[in-house]
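As provided, start-v5.cif (mmCIF, C-alpha atoms) reads as follows.
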```cif
data_data
#
loop_
_atom_site.label_atom_id
_atom_site.label_comp_id
_atom_site.auth_asym_id
_atom_site.auth_seq_id
_atom_site.Cartn_x
_atom_site.Cartn_y
_atom_site.Cartn_z
CA MET A 1 0.00 0.00 0.00
CA ASN A 2 2.39 2.72 1.15
CA THR A 3 5.23 1.85 -1.19
CA ILE A 4 4.18 5.08 -2.92
CA LYS A 5 6.32 6.97 -0.37
CA GLU A 6 9.29 6.05 -2.55
CA PHE A 7 7.73 7.47 -5.66
CA LYS A 8 9.52 6.22 -8.73
CA PHE A 9 6.86 6.70 -11.37
CA LYS A 10 7.17 9.03 -14.35
CA VAL A 11 4.76 10.46 -16.87
CA GLY A 12 3.53 7.75 -19.21
CA ASP A 13 3.95 4.94 -16.70
CA ALA A 14 1.07 2.54 -16.08
CA ILE A 15 -0.01 1.91 -12.51
CA PRO A 16 -0.66 -1.71 -11.44
CA GLU A 17 -3.86 -2.89 -13.13
CA PHE A 18 -6.89 -4.16 -11.23
CA ARG A 19 -8.94 -7.10 -12.45
CA ALA A 20 -12.39 -7.46 -10.92
CA PRO A 21 -13.84 -10.93 -10.42
CA PRO A 22 -16.39 -12.11 -13.03
CA LEU A 23 -19.59 -10.09 -12.62
CA THR A 24 -22.27 -12.32 -11.11
CA ARG A 25 -25.95 -11.67 -10.48
CA LEU A 26 -25.18 -12.05 -6.77
CA THR A 27 -22.73 -9.16 -7.06
CA LEU A 28 -25.41 -7.10 -8.81
CA ALA A 29 -27.89 -7.89 -6.03
CA LEU A 30 -25.37 -7.06 -3.29
CA TYR A 31 -24.43 -3.83 -5.04
CA CYS A 32 -28.08 -2.86 -5.43
CA GLY A 33 -28.68 -3.24 -1.70
CA ALA A 34 -25.36 -1.77 -0.58
CA SER A 35 -25.41 1.24 -2.90
CA GLY A 36 -29.05 2.19 -2.45
CA ASP A 37 -29.38 2.35 -6.25
CA TYR A 38 -32.58 0.37 -6.65
CA ASN A 39 -32.95 0.95 -10.38
CA PRO A 40 -34.54 -2.38 -11.42
CA ILE A 41 -32.63 -2.43 -14.71
CA HIS A 42 -29.62 -3.75 -12.76
CA VAL A 43 -31.27 -6.66 -10.97
CA ASP A 44 -34.71 -7.46 -12.34
CA SER A 45 -34.45 -9.35 -15.64
CA ASP A 46 -38.24 -9.19 -16.14
CA TYR A 47 -38.05 -5.41 -15.99
CA ALA A 48 -34.95 -5.32 -18.20
CA ARG A 49 -36.67 -7.39 -20.90
CA ASN A 50 -40.26 -6.28 -20.72
CA VAL A 51 -39.98 -2.61 -19.80
CA ALA A 52 -36.49 -1.48 -20.80
CA GLY A 53 -36.39 -3.64 -23.94
CA LEU A 54 -32.98 -5.15 -23.16
CA ASP A 55 -31.87 -8.79 -23.44
CA ASP A 56 -30.94 -8.94 -19.78
CA VAL A 57 -29.98 -6.84 -16.78
CA ILE A 58 -27.02 -4.47 -17.16
CA GLY A 59 -24.45 -3.63 -14.50
CA PRO A 60 -24.54 -0.23 -12.81
CA GLY A 61 -22.02 2.27 -14.11
CA MET A 62 -21.19 3.14 -10.52
CA LEU A 63 -20.00 -0.44 -9.94
CA THR A 64 -17.56 0.00 -12.85
CA MET A 65 -16.48 3.27 -11.23
CA ALA A 66 -16.12 1.51 -7.86
CA TYR A 67 -13.68 -0.91 -9.55
CA LEU A 68 -11.73 2.06 -10.92
CA GLY A 69 -11.72 3.34 -7.33
CA ARG A 70 -10.18 0.05 -6.23
CA LEU A 71 -7.51 0.48 -8.93
CA LEU A 72 -6.65 3.82 -7.31
CA THR A 73 -6.82 2.83 -3.65
CA ASN A 74 -4.78 -0.30 -4.33
CA TRP A 75 -2.10 2.08 -5.61
CA VAL A 76 -2.22 5.01 -3.17
CA PRO A 77 -3.83 5.51 0.25
CA GLN A 78 -7.31 6.92 -0.19
CA GLN A 79 -6.39 10.14 1.68
CA SER A 80 -4.24 11.03 -1.36
CA LEU A 81 -7.18 11.01 -3.74
CA LEU A 82 -8.31 14.57 -4.52
CA GLU A 83 -10.46 14.23 -7.64
CA PHE A 84 -11.93 11.26 -9.49
CA GLN A 85 -14.12 11.37 -12.56
CA THR A 86 -15.54 8.85 -14.98
CA ARG A 87 -17.41 8.91 -18.26
CA LEU A 88 -19.57 5.80 -18.52
CA LEU A 89 -19.46 4.55 -22.11
CA ALA A 90 -21.16 1.16 -22.00
CA PRO A 91 -22.82 -0.96 -19.33
CA SER A 92 -21.29 -4.16 -18.02
CA ARG A 93 -23.14 -7.46 -18.46
CA PRO A 94 -23.38 -10.50 -16.18
CA GLY A 95 -20.27 -12.61 -16.72
CA ASP A 96 -18.05 -9.67 -17.67
CA CYS A 97 -14.51 -9.61 -16.32
CA ILE A 98 -13.71 -5.92 -15.91
CA VAL A 99 -10.08 -4.86 -16.19
CA CYS A 100 -9.12 -1.43 -14.84
CA THR A 101 -5.96 0.33 -15.93
CA GLY A 102 -4.42 3.72 -15.29
CA ARG A 103 -1.57 5.76 -16.68
CA ILE A 104 0.21 8.84 -15.33
CA THR A 105 -0.39 11.84 -17.56
CA ALA A 106 1.29 14.57 -15.50
CA ILE A 107 3.37 15.08 -12.39
CA GLU A 108 3.45 18.54 -10.83
CA GLU A 109 6.18 19.05 -8.24
CA GLY A 110 5.09 20.78 -5.07
CA SER A 111 3.76 20.01 -1.65
CA PRO A 112 1.89 17.82 -2.10
CA ARG A 113 3.21 16.51 -5.38
CA ILE A 114 0.25 16.32 -7.77
CA ILE A 115 -0.12 13.24 -9.97
CA ARG A 116 -2.70 13.22 -12.77
CA LEU A 117 -3.90 9.95 -14.21
CA GLU A 118 -6.08 8.72 -17.02
CA LEU A 119 -8.17 5.66 -16.28
CA GLN A 120 -9.94 3.02 -18.30
CA ALA A 121 -12.21 0.05 -17.59
CA GLU A 122 -12.81 -2.54 -20.28
CA ASN A 123 -14.37 -5.96 -20.42
CA GLN A 124 -12.81 -9.25 -21.49
CA ASP A 125 -13.48 -8.47 -25.15
CA GLY A 126 -11.61 -5.18 -24.96
CA LYS A 127 -14.82 -3.16 -25.06
CA LYS A 128 -14.38 0.14 -23.22
CA LEU A 129 -16.93 0.47 -20.44
CA ALA A 130 -15.58 3.66 -18.93
CA ILE A 131 -12.79 6.19 -19.21
CA GLY A 132 -11.84 8.56 -16.49
CA ALA A 133 -9.27 10.68 -14.74
CA ALA A 134 -7.98 11.17 -11.25
CA VAL A 135 -5.86 13.67 -9.35
CA VAL A 136 -3.73 12.40 -6.50
CA GLY A 137 -1.71 14.46 -4.04
CA ILE A 138 1.28 12.77 -2.44
CA MET B 1 -37.75 18.97 -23.95
CA LEU B 2 -36.65 19.20 -20.35
CA ASP B 3 -37.80 22.24 -18.43
CA ARG B 4 -34.80 24.60 -18.43
CA THR B 5 -36.32 26.72 -15.67
CA LEU B 6 -35.35 23.89 -13.32
CA ILE B 7 -31.66 24.82 -13.64
CA GLY B 8 -30.74 25.95 -10.14
CA HIS B 9 -33.50 23.89 -8.51
CA ARG B 10 -32.44 22.84 -5.03
CA PHE B 11 -33.74 19.62 -3.54
CA PRO B 12 -34.54 19.44 0.19
CA PRO B 13 -31.38 19.28 2.32
CA PHE B 14 -30.77 15.92 3.94
CA GLN B 15 -28.54 14.38 6.56
CA VAL B 16 -27.16 10.89 6.44
CA GLU B 17 -25.07 8.82 8.82
CA LEU B 18 -22.16 6.78 7.51
CA GLU B 19 -23.08 3.38 8.91
CA LYS B 20 -20.39 0.83 9.63
CA GLY B 21 -22.50 -2.16 8.60
CA ARG B 22 -23.54 -0.51 5.35
CA LEU B 23 -19.91 0.33 4.54
CA ARG B 24 -18.97 -3.32 5.15
CA LEU B 25 -21.78 -4.47 2.85
CA PHE B 26 -20.59 -2.02 0.20
CA ALA B 27 -17.03 -3.37 0.55
CA LYS B 28 -18.37 -6.90 0.11
CA ALA B 29 -20.40 -5.88 -2.95
CA ILE B 30 -17.38 -4.39 -4.73
CA GLY B 31 -15.15 -7.31 -3.68
CA GLU B 32 -12.93 -5.06 -1.59
CA THR B 33 -10.02 -6.96 0.01
CA ASN B 34 -8.19 -4.08 1.72
CA PRO B 35 -9.01 -4.56 5.43
CA ILE B 36 -9.16 -0.82 6.16
CA TYR B 37 -12.64 -0.83 4.57
CA THR B 38 -14.00 -3.60 6.83
CA ASP B 39 -11.83 -3.83 9.95
CA GLU B 40 -11.76 -0.85 12.30
CA ASP B 41 -8.41 -1.78 13.81
CA ALA B 42 -6.84 -1.87 10.34
CA ALA B 43 -8.50 1.45 9.54
CA ARG B 44 -7.13 3.07 12.71
CA THR B 45 -3.66 1.69 12.06
CA ALA B 46 -3.86 3.34 8.64
CA GLY B 47 -4.68 6.66 10.29
CA TYR B 48 -8.48 6.76 10.00
CA ARG B 49 -10.89 7.38 12.88
CA SER B 50 -12.97 4.41 11.71
CA LEU B 51 -13.79 2.67 8.40
CA PRO B 52 -13.19 5.28 5.67
CA MET B 53 -15.89 6.19 3.17
CA PRO B 54 -14.76 4.64 -0.16
CA PRO B 55 -14.22 6.95 -3.17
CA THR B 56 -17.53 6.32 -4.95
CA TYR B 57 -19.66 6.02 -1.81
CA PRO B 58 -20.82 9.67 -1.79
CA PHE B 59 -23.03 8.67 -4.71
CA CYS B 60 -24.72 6.13 -2.42
CA LEU B 61 -25.25 8.77 0.29
CA GLY B 62 -27.37 10.66 -2.20
CA LYS B 63 -29.59 7.58 -2.47
CA ASP B 64 -30.26 7.41 1.29
CA ILE B 65 -33.07 9.92 1.22
CA PRO B 66 -36.86 9.58 1.20
CA ASP B 67 -37.03 9.88 -2.61
CA PRO B 68 -33.70 8.64 -4.02
CA PHE B 69 -34.95 9.18 -7.57
CA ASP B 70 -36.08 12.76 -6.93
CA THR B 71 -34.36 13.99 -10.09
CA LEU B 72 -36.39 11.60 -12.26
CA HIS B 73 -39.58 12.59 -10.51
CA LEU B 74 -38.79 16.30 -10.83
CA PHE B 75 -38.52 15.91 -14.61
CA GLY B 76 -41.20 13.23 -14.98
CA LEU B 77 -38.77 10.63 -16.33
CA ASP B 78 -38.79 6.85 -16.20
CA PHE B 79 -35.79 4.63 -15.33
CA ALA B 80 -35.81 3.20 -18.84
CA GLU B 81 -35.30 6.67 -20.37
CA ILE B 82 -32.12 7.56 -18.56
CA LEU B 83 -28.48 6.58 -18.46
CA HIS B 84 -25.81 7.58 -16.01
CA GLY B 85 -23.38 9.34 -18.34
CA GLU B 86 -20.71 10.82 -16.13
CA GLN B 87 -19.79 11.03 -12.47
CA SER B 88 -17.13 13.00 -10.70
CA PHE B 89 -16.06 13.53 -7.10
CA ARG B 90 -13.93 16.18 -5.43
CA TYR B 91 -12.65 15.22 -2.00
CA ARG B 92 -11.81 17.82 0.64
CA LEU B 93 -11.87 16.02 4.00
CA PRO B 94 -11.93 12.32 4.91
CA ALA B 95 -15.22 10.90 6.17
CA CYS B 96 -15.50 7.79 8.30
CA ALA B 97 -18.10 5.44 9.76
CA GLY B 98 -20.04 7.19 12.49
CA ASP B 99 -19.88 10.60 10.81
CA THR B 100 -23.07 12.44 9.94
CA LEU B 101 -22.95 14.30 6.65
CA TYR B 102 -25.25 17.08 5.52
CA GLY B 103 -26.12 16.95 1.85
CA GLN B 104 -27.62 19.44 -0.57
CA LYS B 105 -28.45 18.47 -4.14
CA ARG B 106 -29.07 20.94 -6.94
CA VAL B 107 -29.66 20.88 -10.67
CA SER B 108 -26.59 22.72 -11.95
CA ASP B 109 -27.17 22.45 -15.70
CA ILE B 110 -29.42 21.09 -18.44
CA TYR B 111 -28.26 20.92 -22.04
CA ALA B 112 -28.99 19.13 -25.30
CA ARG B 113 -26.90 17.37 -27.97
CA LYS B 114 -27.73 15.92 -31.37
CA ASN B 115 -30.48 18.44 -32.06
CA GLY B 116 -32.24 17.61 -28.83
CA ALA B 117 -32.30 13.83 -29.34
CA LEU B 118 -30.16 13.59 -26.22
CA GLU B 119 -30.54 15.81 -23.20
CA PHE B 120 -28.31 16.01 -20.17
CA ILE B 121 -29.11 16.88 -16.56
CA VAL B 122 -26.20 17.76 -14.28
CA VAL B 123 -26.87 17.31 -10.56
CA VAL B 124 -24.32 18.47 -7.99
CA THR B 125 -24.46 17.26 -4.40
CA GLU B 126 -22.38 18.97 -1.75
CA PHE B 127 -21.71 17.19 1.52
CA LYS B 128 -20.65 19.06 4.65
CA ASP B 129 -19.71 17.90 8.12
CA GLY B 130 -21.39 19.02 11.35
CA GLU B 131 -19.22 22.14 11.44
CA GLY B 132 -20.21 23.23 7.97
CA ARG B 133 -16.92 22.26 6.31
CA VAL B 134 -17.18 20.79 2.82
CA VAL B 135 -16.26 17.09 2.88
CA CYS B 136 -16.84 16.29 -0.78
CA GLU B 137 -18.77 17.21 -3.89
CA ALA B 138 -20.37 14.73 -6.26
CA GLU B 139 -21.45 15.66 -9.79
CA GLN B 140 -23.68 13.36 -11.78
CA THR B 141 -24.57 13.76 -15.44
CA ILE B 142 -27.77 11.97 -16.41
CA VAL B 143 -28.36 11.29 -20.11
CA VAL B 144 -32.01 11.39 -21.15
CA GLN B 145 -33.01 9.43 -24.23
CA ARG B 146 -36.66 9.97 -25.01
CA ARG B 147 -38.40 6.83 -26.16
CA ALA B 148 -40.57 6.82 -29.25
CA GLY B 149 -43.94 8.40 -28.50
CA SER B 150 -42.86 10.14 -25.31
#
```

As a first step, turn the structure in this file into structure tokens.
Amino acid sequence: MNTIKEFKFKVGDAIPEFRAPPLTRLTLALYCGASGDYNPIHVDSDYARNVAGLDDVIGPGMLTMAYLGRLLTNWVPQQSLLEFQTRLLAPSRPGDCIVCTGRITAIEEGSPRIIRLELQAENQDGKKLAIGAAVVGI
Amino acid sequence: MLDRTLIGHRFPPFQVELEKGRLRLFAKAIGETNPIYTDEDAARTAGYRSLPMPPTYPFCLGKDIPDPFDTLHLFGLDFAEILHGEQSFRYRLPACAGDTLYGQKRVSDIYARKNGALEFIVVVTEFKDGEGRVVCEAEQTIVVQRRAGS
């Protein structure tokens, strides 16, 4: 966790990737209850098919963002995180294996030292689910 | 077309407690393995007062209110017409289990793209602590896709 104290990264470097476990319907149900986001499109396949006109439920974008958050907090202590943003491009589907990656785009010397990152979450087929950015102060 | 006069609309202020059990459930839901998010001793060793609020959790705080879908109801929209397009957070102070946060949501912008086929609602939620200090800000962009006939 705190290996970041000896900061050896430079602009362009990738941070250690984070691979989420395969997305199960149990995870979707737990996330629904834990997040308070009771939009039925994420858990109720009857609703997804009959009302929303989809083949099946789709994963919440905020779960994808939560995985990007894990990418960040696996890399730096959460106190360092100053800003975090995500554009949600496509929903996840049950069975997806989401891979989160990040790359340093800028380092601004100062106290704290400011690190800017670009972030991406894609599924096992390389489909981009989300892109984002973060600002970290170390 | 969405009612542009609702730009600036403020929803009723709310207060919400960061509950330890709920934070543990959230950690379980996102598969979190770092013990600081589930074990208070580990959290304290890492310098937190208690379990820290994870980075995306402020979004969930905005759902812990009597009408979590107040934005949809304000604009008369259905779940099936909307997508969550963007989300951002700005963090000012750490928040931990046991803290009470005071939230205020407002419609900060409404705009259209593709000749009005897509409309966007931007909702900003500011969270303060008991002393009125800003803890974090969450900004959600909702994409509205009108269905045929509506």

Dump as CSV the rows for residues of region 34-137 of chain A within 9 Å of region 15-36 of chain B: closest atom pair and distance in Å with one decimal, all atoms listed in the file counted, ordered by chain and rising residue number.
```
residue,atom,partner,partner_atom,distance
A:Ala34,CA,B:Phe26,CA,4.8
A:Ser35,CA,B:Phe26,CA,6.6
A:Leu63,CA,B:Ile30,CA,7.0
A:Ala66,CA,B:Ile30,CA,6.8
A:Tyr67,CA,B:Ile30,CA,7.0
A:Arg70,CA,B:Glu32,CA,7.4
A:Thr73,CA,B:Asn34,CA,8.9
A:Asn74,CA,B:Asn34,CA,7.9
```

Go through B:Phe14, B:Tyr37, B:Phe75, B:Tyr91 one by one, measure the shortest atom-to-atom distance of each to chain A using only C-alpha atoms, and give the residue with the smallest value.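 Closest residue, counting only C-alpha atoms: B:Tyr91.
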
Find the spatial neighbours of region 93-101 of chain B, counting only C-alpha atoms, within a cut-off of 12 Å - ignore same-chain residues fewer than 4 positions away - and output them as a PyMOL selection string. (chain A and resi 77-83) or (chain B and resi 13-24+36-40+43-44+47-55+57-58+61-62+64+125-137)

Which residues of chain B are close to chain A, meaning at most 6 Å apart when you count all atoms listed in the file, and how do they look as a list in words?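 That gives the following set of residues: Leu25, Phe26, Ala29, Thr56, Cys60, Lys63, Ala80, Gly85, Glu86, Gln87, Ser88, Phe89, Arg90 and Tyr91 of chain B.
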
Residues matched by the PyMOL selection byres ((chain B and resi 77) around 12), written as a short mmCIF file (atom, residue, chain, number, x, y, z; two decimals) with C-alpha atoms, in the frame of the given file:
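After the write, result.cif holds the following:
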```
data_model
loop_
_atom_site.label_atom_id
_atom_site.label_comp_id
_atom_site.auth_asym_id
_atom_site.auth_seq_id
_atom_site.Cartn_x
_atom_site.Cartn_y
_atom_site.Cartn_z
CA MET B 1 -37.75 18.97 -23.95
CA LEU B 2 -36.65 19.20 -20.35
CA ASP B 3 -37.80 22.24 -18.43
CA PHE B 69 -34.95 9.18 -7.57
CA ASP B 70 -36.08 12.76 -6.93
CA THR B 71 -34.36 13.99 -10.09
CA LEU B 72 -36.39 11.60 -12.26
CA HIS B 73 -39.58 12.59 -10.51
CA LEU B 74 -38.79 16.30 -10.83
CA PHE B 75 -38.52 15.91 -14.61
CA GLY B 76 -41.20 13.23 -14.98
CA ASP B 78 -38.79 6.85 -16.20
CA PHE B 79 -35.79 4.63 -15.33
CA ALA B 80 -35.81 3.20 -18.84
CA GLU B 81 -35.30 6.67 -20.37
CA ILE B 82 -32.12 7.56 -18.56
CA LEU B 83 -28.48 6.58 -18.46
CA GLU B 119 -30.54 15.81 -23.20
CA ILE B 121 -29.11 16.88 -16.56
CA ILE B 142 -27.77 11.97 -16.41
CA VAL B 143 -28.36 11.29 -20.11
CA VAL B 144 -32.01 11.39 -21.15
CA GLN B 145 -33.01 9.43 -24.23
CA ARG B 146 -36.66 9.97 -25.01
CA ARG B 147 -38.40 6.83 -26.16
CA SER B 150 -42.86 10.14 -25.31
#
```

Which residue out of B:Pro66, B:His84, B:Arg92, B:Ala138 has the minimum interatomic distance to Phe120 (chain B) when all atoms listed in the file are used? B:His84

State, in Å with one decimal place, the distance from CA of Glu139 (chain B) to CA of Ala117 (chain B). 22.4 Å

Give as a list in words the set of residues within 7 Å of the point (8.3, 15.6, -15.7), where distances use the file's coordinates and all atoms listed in the file. Lys10, Val11 and Ile107 of chain A

Please report the interatomic distance between CA of Asp55 (chain A) and CA of Gly126 (chain A) in Å with one decimal.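 Between CA of Asp55 (chain A) and CA of Gly126 (chain A) the gap works out to 20.6 Å.
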
Could you please determine the separation between CA of Leu118 (chain B) and CA of Val99 (chain A) in Å, to one decimal place?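 Pair CA of Leu118 (chain B) / CA of Val99 (chain A) returns 29.1 Å.
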
Leaving out Ala106 (chain A) and any residue of its chain fewer than 6 positions from it, which residues lie within 9 Å of it when counting all atoms listed in the file, given as a PyMOL selection string? chain A and resi 10-12+114-117

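Among the candidate residues B:Ala42, B:Phe59, B:Gln140, B:Tyr102, the one lying nearest to Pro12 (chain B) is B:Tyr102, with distances computed using all atoms listed in the file.
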
Padding of 6 Å on every side, edges along x, y and z, all listed atoms of region 58-77 of chain B included: what centre and edge lengths in Å, to one decimal, does that box have, as AutoDock Vina command-line options?
```
--center_x -31.0 --center_y 11.2 --center_z -7.5 --size_x 32.4 --size_y 22.2 --size_z 29.6
```
